[in-house]
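To start, the structure itself, in structure tokens.
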Amino acid sequence: MHGGDEELLRDIRTVWANALLVNRAGRHLEDIIIDIDSSIADMSPICRWH
């Protein structure tokens, strides 16, 4: 789960050759696509706790 260090996340992206999943707990569904569109993540897991 990503805790908010954007610089670290960008550094990981540059050296990680495989698919990168970024889980940002509590993020609004509309904002999840931002990481994918900006190439920070290849996928973003989505779940909802009841």
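Naming works like this for the structure tokens: A, B, ... for the chains as they're shown, residue 1 at the start of each chain, ligands 1 onward in shown order.
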Identify, on the basis of only C-alpha atoms, every residue whose closest approach to Ile32 (chain A) does not exceed 10 Å; exclude the query and any residue fewer than 4 positions from it along the same chain; express the result as a list in words. Val22, Asn23, Arg24, Arg27, His28, Ile36, Asp37, Ala41, Met43, Ser44, Pro45 and Ile46 of chain A
Work out how far CA of Val15 (chain A) is from CA of Cys47 (chain A), in Å to one decimal. 27.2 Å
